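Structure data follow from structure.tsv (TSV, C-alpha atoms and all ligand atoms):
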```tsv
chain	number	residue	atom	x	y	z
A	1	MET	CA	-70.05	43.50	50.16
A	2	SER	CA	-70.56	46.47	52.49
A	3	GLN	CA	-70.08	49.84	50.86
A	4	ASN	CA	-69.80	52.02	53.92
A	5	LEU	CA	-67.06	54.54	54.32
A	6	GLU	CA	-64.55	52.87	56.62
A	7	ALA	CA	-61.51	55.16	56.46
A	8	VAL	CA	-60.21	58.46	55.22
A	9	ILE	CA	-56.50	58.56	54.36
A	10	PHE	CA	-54.91	61.97	54.27
A	11	ASP	CA	-51.82	63.36	52.63
A	12	LEU	CA	-49.93	65.81	54.86
A	13	ASP	CA	-48.20	68.61	52.96
A	14	GLY	CA	-50.87	70.68	51.19
A	15	VAL	CA	-53.81	68.95	52.88
A	16	ILE	CA	-53.29	69.09	56.64
A	17	THR	CA	-50.68	71.84	56.70
A	18	ASP	CA	-48.73	73.85	54.15
A	19	THR	CA	-45.16	72.64	54.60
A	20	ALA	CA	-44.50	73.17	50.86
A	21	GLU	CA	-43.21	76.67	51.61
A	22	TYR	CA	-40.64	75.28	54.09
A	23	HIS	CA	-39.59	72.60	51.59
A	24	PHE	CA	-39.17	75.36	49.01
A	25	LEU	CA	-37.04	77.57	51.28
A	26	ALA	CA	-34.85	74.62	52.27
A	27	TRP	CA	-34.34	73.46	48.66
A	28	ARG	CA	-33.62	77.02	47.56
A	29	SER	CA	-30.92	77.40	50.23
A	30	LEU	CA	-29.31	74.17	49.06
A	31	ALA	CA	-29.63	75.11	45.39
A	32	GLU	CA	-28.07	78.54	45.98
A	33	SER	CA	-25.10	76.94	47.73
A	34	LEU	CA	-24.60	74.88	44.54
A	35	GLY	CA	-24.93	77.88	42.24
A	36	ILE	CA	-28.37	76.77	41.02
A	37	THR	CA	-31.39	79.07	40.69
A	38	PHE	CA	-34.51	77.38	42.04
A	39	THR	CA	-37.91	79.02	41.60
A	40	ARG	CA	-41.34	78.68	43.23
A	41	GLU	CA	-42.73	77.41	39.91
A	42	GLN	CA	-40.15	74.63	39.86
A	43	ASN	CA	-41.05	73.81	43.47
A	44	GLU	CA	-44.56	72.87	42.29
A	45	LEU	CA	-43.00	69.85	40.56
A	46	LEU	CA	-41.72	68.52	43.88
A	47	LYS	CA	-45.07	68.21	45.62
A	48	GLY	CA	-45.73	64.68	46.84
A	49	ILE	CA	-42.44	63.22	45.63
A	50	SER	CA	-39.66	61.94	47.88
A	51	ARG	CA	-36.61	63.88	49.07
A	52	MET	CA	-34.16	62.01	46.81
A	53	GLU	CA	-36.43	62.29	43.75
A	54	SER	CA	-36.75	66.02	44.49
A	55	LEU	CA	-32.98	66.44	44.56
A	56	GLU	CA	-32.60	64.53	41.29
A	57	LEU	CA	-35.22	66.78	39.69
A	58	ILE	CA	-33.54	69.99	40.86
A	59	LEU	CA	-30.14	68.82	39.59
A	60	ASP	CA	-31.71	67.66	36.32
A	61	LEU	CA	-33.41	71.02	35.74
A	62	ALA	CA	-30.01	72.68	36.14
A	63	GLY	CA	-28.31	70.09	33.90
A	64	LYS	CA	-26.11	69.03	36.84
A	65	SER	CA	-27.34	65.53	37.65
A	66	LEU	CA	-24.11	63.91	36.49
A	67	ASP	CA	-21.91	66.28	38.51
A	68	TYR	CA	-22.53	64.41	41.76
A	69	GLY	CA	-22.03	60.81	42.85
A	70	ASN	CA	-24.48	58.85	45.02
A	71	ASP	CA	-22.70	59.63	48.31
A	72	GLU	CA	-22.62	63.34	47.48
A	73	LYS	CA	-26.32	63.27	46.59
A	74	LEU	CA	-27.09	61.62	49.91
A	75	GLU	CA	-25.09	64.31	51.71
A	76	LEU	CA	-26.91	67.06	49.77
A	77	SER	CA	-30.33	65.59	50.61
A	78	GLU	CA	-29.35	65.40	54.29
A	79	ARG	CA	-28.19	69.01	54.19
A	80	LYS	CA	-31.55	70.08	52.76
A	81	ASN	CA	-33.31	68.11	55.48
A	82	GLY	CA	-31.25	69.96	58.10
A	83	TYR	CA	-32.47	73.31	56.73
A	84	TYR	CA	-36.03	71.94	56.63
A	85	LEU	CA	-35.93	70.66	60.23
A	86	GLU	CA	-34.76	74.07	61.39
A	87	LEU	CA	-37.71	75.72	59.62
A	88	ILE	CA	-40.39	73.33	60.90
A	89	ARG	CA	-39.34	73.90	64.51
A	90	THR	CA	-41.77	76.84	64.49
A	91	ILE	CA	-44.84	74.77	63.50
A	92	THR	CA	-47.80	74.97	65.93
A	93	PRO	CA	-51.52	74.02	65.78
A	94	ASN	CA	-52.09	77.46	64.19
A	95	ASP	CA	-50.56	75.99	61.03
A	96	ILE	CA	-53.36	73.43	60.53
A	97	LEU	CA	-55.15	74.27	57.26
A	98	PRO	CA	-58.74	75.63	57.57
A	99	GLY	CA	-61.46	73.09	58.38
A	100	ILE	CA	-59.12	70.14	58.79
A	101	GLU	CA	-59.27	69.71	62.55
A	102	LYS	CA	-63.07	69.94	62.52
A	103	LEU	CA	-63.17	67.28	59.79
A	104	LEU	CA	-60.82	64.99	61.74
A	105	LYS	CA	-62.95	65.40	64.85
A	106	GLU	CA	-66.18	64.55	63.05
A	107	LEU	CA	-64.63	61.50	61.39
A	108	LYS	CA	-63.40	60.30	64.77
A	109	ASP	CA	-66.82	60.94	66.39
A	110	HIS	CA	-68.42	58.82	63.65
A	111	LYS	CA	-65.87	56.02	64.20
A	112	ILE	CA	-64.44	56.38	60.70
A	113	LYS	CA	-60.78	55.41	60.79
A	114	ILE	CA	-58.14	58.00	59.93
A	115	GLY	CA	-54.80	57.31	58.23
A	116	LEU	CA	-51.87	59.39	57.06
A	117	ALA	CA	-50.06	58.62	53.78
A	118	SER	CA	-47.34	61.24	53.47
A	119	ALA	CA	-44.13	60.90	51.45
A	120	SER	CA	-42.39	62.87	54.20
A	121	LYS	CA	-40.01	61.11	56.58
A	122	ASN	CA	-40.71	64.03	58.92
A	123	ALA	CA	-44.48	63.39	59.00
A	124	PHE	CA	-44.53	62.09	62.60
A	125	GLN	CA	-42.72	65.21	63.81
A	126	VAL	CA	-45.03	67.57	61.88
A	127	ILE	CA	-48.21	65.82	63.15
A	128	LYS	CA	-46.83	66.04	66.70
A	129	SER	CA	-46.10	69.77	66.34
A	130	LEU	CA	-49.65	70.29	65.03
A	131	GLU	CA	-50.91	68.32	68.08
A	132	LEU	CA	-53.02	66.05	65.87
A	133	ASN	CA	-51.57	62.66	66.95
A	134	ASP	CA	-54.70	61.52	68.73
A	135	TYR	CA	-56.82	61.65	65.59
A	136	PHE	CA	-54.73	59.21	63.58
A	137	ASN	CA	-55.31	55.48	63.83
A	138	TYR	CA	-52.29	54.83	61.61
A	139	ILE	CA	-49.44	56.88	60.15
A	140	VAL	CA	-47.43	55.20	57.38
A	141	ASN	CA	-43.68	55.38	57.88
A	142	ALA	CA	-42.44	56.84	54.57
A	143	ALA	CA	-39.00	55.29	55.17
A	144	GLU	CA	-40.59	51.82	54.82
A	145	VAL	CA	-42.40	52.52	51.56
A	146	LYS	CA	-40.57	50.97	48.59
A	147	ASN	CA	-42.49	52.66	45.78
A	148	GLY	CA	-43.37	56.32	46.22
A	149	LYS	CA	-46.42	58.12	44.81
A	150	PRO	CA	-47.79	57.74	42.07
A	151	ASP	CA	-47.50	54.06	43.05
A	152	PRO	CA	-50.50	53.05	45.22
A	153	GLU	CA	-48.30	51.34	47.85
A	154	ILE	CA	-48.49	54.03	50.53
A	155	PHE	CA	-52.31	54.32	50.39
A	156	ARG	CA	-52.73	50.54	50.31
A	157	THR	CA	-50.38	50.14	53.26
A	158	ALA	CA	-52.46	52.61	55.27
A	159	ALA	CA	-55.69	50.72	54.41
A	160	ASP	CA	-54.11	47.33	55.19
A	161	MET	CA	-52.91	48.55	58.58
A	162	LEU	CA	-56.32	50.06	59.31
A	163	GLN	CA	-57.87	46.70	58.27
A	164	VAL	CA	-60.32	48.24	55.81
A	165	SER	CA	-61.02	47.44	52.16
A	166	TYR	CA	-59.62	49.81	49.53
A	167	GLU	CA	-63.01	50.53	47.93
A	168	ASN	CA	-64.34	51.75	51.28
A	169	CYS	CA	-61.60	54.37	51.62
A	170	VAL	CA	-61.42	58.01	50.62
A	171	GLY	CA	-57.97	59.51	49.93
A	172	VAL	CA	-57.33	63.25	50.13
A	173	GLU	CA	-54.40	64.72	48.17
A	174	ASP	CA	-53.07	67.98	46.75
A	175	ALA	CA	-50.45	66.54	44.36
A	176	VAL	CA	-50.94	65.00	40.93
A	177	ALA	CA	-48.73	62.03	41.90
A	178	GLY	CA	-50.84	61.57	45.04
A	179	VAL	CA	-54.20	61.59	43.26
A	180	THR	CA	-52.83	59.07	40.75
A	181	ALA	CA	-51.73	56.89	43.69
A	182	ILE	CA	-55.20	57.01	45.30
A	183	LYS	CA	-56.94	56.04	42.05
A	184	ALA	CA	-54.42	53.25	41.45
A	185	ALA	CA	-55.24	51.99	44.97
A	186	ASN	CA	-58.91	51.72	43.94
A	187	MET	CA	-60.05	54.41	46.39
A	188	PHE	CA	-62.25	57.49	46.03
A	189	ALA	CA	-59.99	60.52	45.43
A	190	ILE	CA	-60.61	64.02	46.73
A	191	GLY	CA	-58.21	66.59	45.28
A	192	ILE	CA	-57.29	69.85	47.00
A	193	GLY	CA	-56.13	72.40	44.45
A	194	SER	CA	-56.73	73.38	40.89
A	195	MET	CA	-59.18	71.71	38.54
A	196	GLY	CA	-56.65	71.73	35.71
A	197	ALA	CA	-53.89	69.89	37.55
A	198	LEU	CA	-55.94	67.30	39.45
A	199	LYS	CA	-58.14	66.02	36.61
A	200	GLN	CA	-57.96	62.43	37.83
A	201	ALA	CA	-59.62	63.22	41.18
A	202	ASP	CA	-63.27	62.22	41.67
A	203	VAL	CA	-63.99	65.55	43.37
A	204	ILE	CA	-61.87	68.71	43.66
A	205	TYR	CA	-61.97	71.51	46.22
A	206	GLN	CA	-59.80	74.56	45.88
A	207	ASP	CA	-59.61	75.04	49.61
A	208	THR	CA	-59.56	72.64	52.58
A	209	ALA	CA	-62.23	74.82	54.24
A	210	ASP	CA	-64.74	73.60	51.62
A	211	LEU	CA	-64.17	69.94	52.42
A	212	THR	CA	-66.73	69.29	55.15
A	213	PHE	CA	-67.71	65.99	56.76
A	214	ALA	CA	-71.22	66.15	55.23
A	215	ARG	CA	-69.85	66.73	51.72
A	216	LEU	CA	-67.29	63.96	52.04
A	217	ILE	CA	-69.97	61.45	53.11
A	218	ASP	CA	-72.28	62.58	50.29
A	219	HIS	CA	-69.59	62.22	47.63
A	220	PHE	CA	-68.68	58.76	48.84
A	221	LYS	CA	-72.32	57.58	48.97
A	222	ASN	CA	-73.08	58.99	45.51
A	223	SER	CA	-70.06	57.24	44.04
A	224	LYS	CA	-71.45	53.89	45.25
A	225	THR	CA	-74.95	54.41	43.88
A	226	LYS	CA	-73.79	55.24	40.34
B	1	LIG	P1	-39.22	64.79	53.51
B	1	LIG	P2	-46.67	64.87	51.27
B	1	LIG	C1	-44.12	65.40	50.64
B	1	LIG	O1	-45.17	65.44	51.56
B	1	LIG	C2	-43.87	66.80	50.08
B	1	LIG	O2	-44.99	67.24	49.33
B	1	LIG	C3	-42.67	66.75	49.17
B	1	LIG	O3	-42.41	68.05	48.65
B	1	LIG	C4	-41.46	66.24	49.95
B	1	LIG	O4	-40.30	66.14	49.12
B	1	LIG	C5	-41.79	64.86	50.52
B	1	LIG	O5	-42.95	64.97	51.35
B	1	LIG	C6	-40.65	64.27	51.33
B	1	LIG	O6	-40.45	65.02	52.50
B	1	LIG	O7	-38.01	65.39	52.89
B	1	LIG	O8	-39.68	65.53	54.75
B	1	LIG	O9	-39.09	63.31	53.73
B	1	LIG	O10	-47.33	65.85	50.34
B	1	LIG	O11	-46.56	63.48	50.70
B	1	LIG	O12	-47.28	64.89	52.65
B	2	MG	MG	-49.09	66.81	49.47
```

As C-alpha cells, how would this structure be written, given the file I've shared?
Amino acid sequence: MSQNLEAVIFDLDGVITDTAEYHFLAWRSLAESLGITFTREQNELLKGISRMESLELILDLAGKSLDYGNDEKLELSERKNGYYLELIRTITPNDILPGIEKLLKELKDHKIKIGLASASKNAFQVIKSLELNDYFNYIVNAAEVKNGKPDPEIFRTAADMLQVSYENCVGVEDAVAGVTAIKAANMFAIGIGSMGALKQADVIYQDTADLTFARLIDHFKNSKTK
C-alpha cells in the first residue's frame, strides 16, 4: 500500500484563525443575560465542541441545566449564534493565523489535497471572509455530522470525500477533543497548543508559524518508517 501523504485536514478555530475569542464574547453576553458568570478559563472547555454541547456545559457549570427545556435551549443557542455572527462580520484575511496561508499554498502546489473538519456551522462563512475558499478541496458541513469530536466521523468524512485513505492523512487540531478524533480516525495528528493538554498528538507546535510544509512532510515520512 502506498504511504504517501495524500491529504491534510485542518480544524478551523485555533488552527486557521482564532475565532475562540468571538465565541467567548458571544457566550459571555448570553451567560450575562441569564445571570451566569462565564470566564475565559471556562471557555477553554468549549474548544472543538458543538454549539449545543457548549450551551449544556455552560448551564451545567452554573448548576442551571434543568432550568431550561429543549425549545428554550435551542432559542438560547440561536441567540448566542446571533451575537457570534455579528462579531465575525469583521473577519478579513488579516485574521489568518501566522504561516497558515503559506502552508496551504505549498500543499496545493504539491497537489496534496486539503480538507476542513470544523465543528462550526459557520465554517463556510469564516473561510469565505478569510478568502481561503480556493485552497480547500472539501469542507465538511458540520450540520451533517452525527457524532461530534472526539468521534472520528468528521475527519473520516473529509477523507472519504477527498477519496484518500485515512493512514495517508494528517489532521491538524488545537483542541483535545479534536486530537482524539484524528487519532481515532487512524490519521497522523499535529497539535497546535500546549504540550500538557495535547498529549495524544504525534507532534505538537505551540504556534502555527512553526508548522511549515517541510516539517509536516518530514513528520509524516518519519512516522511511516518507524
Ligand atoms: P458554531 P472548530 C468549533 O470550531 C469551536 O472551537 C467551538 O468553540 C464551537 O462551539 C464550535 O466550533 C461550533 O461553532 O457555533 O459556529 O457552529 O475548532 O471545530 O473549528
Ligand atoms: Mg479548534

Q | Shell of 10 Å around ligand MG 2 (chain B) (all atoms listed in the file), written as a list in words | A |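 Those residues are Phe10, Asp11, Leu12, Asp13, Gly14, Val15, Ile16, Thr17, Asp18, Thr19, Ala20, Leu46, Lys47, Gly48, Ile49, Ala117, Ser118, Ala119, Ser120, Val172, Glu173, Asp174, Ala175, Val176, Ala177, Gly178, Val179 and Ile192 of chain A.
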
Q: Can you work out the spacing between atom C1 of ligand LIG 1 (chain B) and atom CA of Tyr135 of chain A in Å, to one decimal?
A: 20.0 Å

Q) At what distance in Å, to one decimal, does atom CA of Gly148 of chain A lie from atom C3 of ligand LIG 1 (chain B)? A)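 Interatomic distance, atom C3 of ligand LIG 1 (chain B) to atom CA of Gly148 of chain A: 10.9 Å.
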
Q) With all atoms listed in the file as the atoms that count, which of A:Tyr138, A:Phe213, A:Phe188, A:Phe155 lies nearest to ligand LIG 1 (chain B)? A)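 Distance minimum relative to ligand LIG 1 (chain B) lands on A:Phe155.
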
Q | Computed interatomic separation between atom CA of Leu162 of chain A and atom O3 of ligand LIG 1 (chain B) (Å) | A | 25.1 Å

Q. Nearest to Leu87 of chain A: which of A:Leu55, A:Ala26, A:Leu34, A:Val126 is it, counting only C-alpha atoms?
A. A:Ala26

Enclose ligand LIG 1 (chain B), meaning all of its atoms listed in the file, in a box aligned along x, y and z, pad it by 6 Å on each side, and list the centre and edge lengths in Å to one decimal, as JSON.
```
{"center_x": -42.7, "center_y": 65.7, "center_z": 51.7, "size_x": 21.3, "size_y": 16.7, "size_z": 18.1}
```

Q | Local residues around (-26.6, 78.3, 59.5), at most 12 Å away, using all atoms listed in the file, as an NGL selection string | A | :A and (26 or 29-30 or 33 or 79-80 or 82-84 or 86-87)

Q | Residue with smallest distance to Glu153 of chain A - pool A:Asn70, A:Ala181, A:Leu116, A:Thr92, counting all atoms listed in the file | A |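 With all atoms listed in the file as the atom set, the closest residue is A:Ala181.
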
Q | Selected residue of minimal separation from ligand LIG 1 (chain B) among A:Leu103, A:Ala158, A:Met187, A:Ala142, counting only C-alpha atoms and all ligand atoms | A | A:Ala142

Q: For each of A:Glu101, A:Asp218, A:Asp67, A:Glu78, take the minimum atom-to-atom distance to ligand LIG 1 (chain B), counting only C-alpha atoms and all ligand atoms, then give the residue where this is smallest.
A: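 For ligand LIG 1 (chain B), the nearest of the candidates is A:Glu78.
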
Q. Counting all atoms listed in the file, which of A:Lys146, A:Arg156, A:Lys121, A:Arg40 gets nearest to ligand LIG 1 (chain B)?
A.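 Selected residue with least distance to ligand LIG 1 (chain B): A:Lys121.
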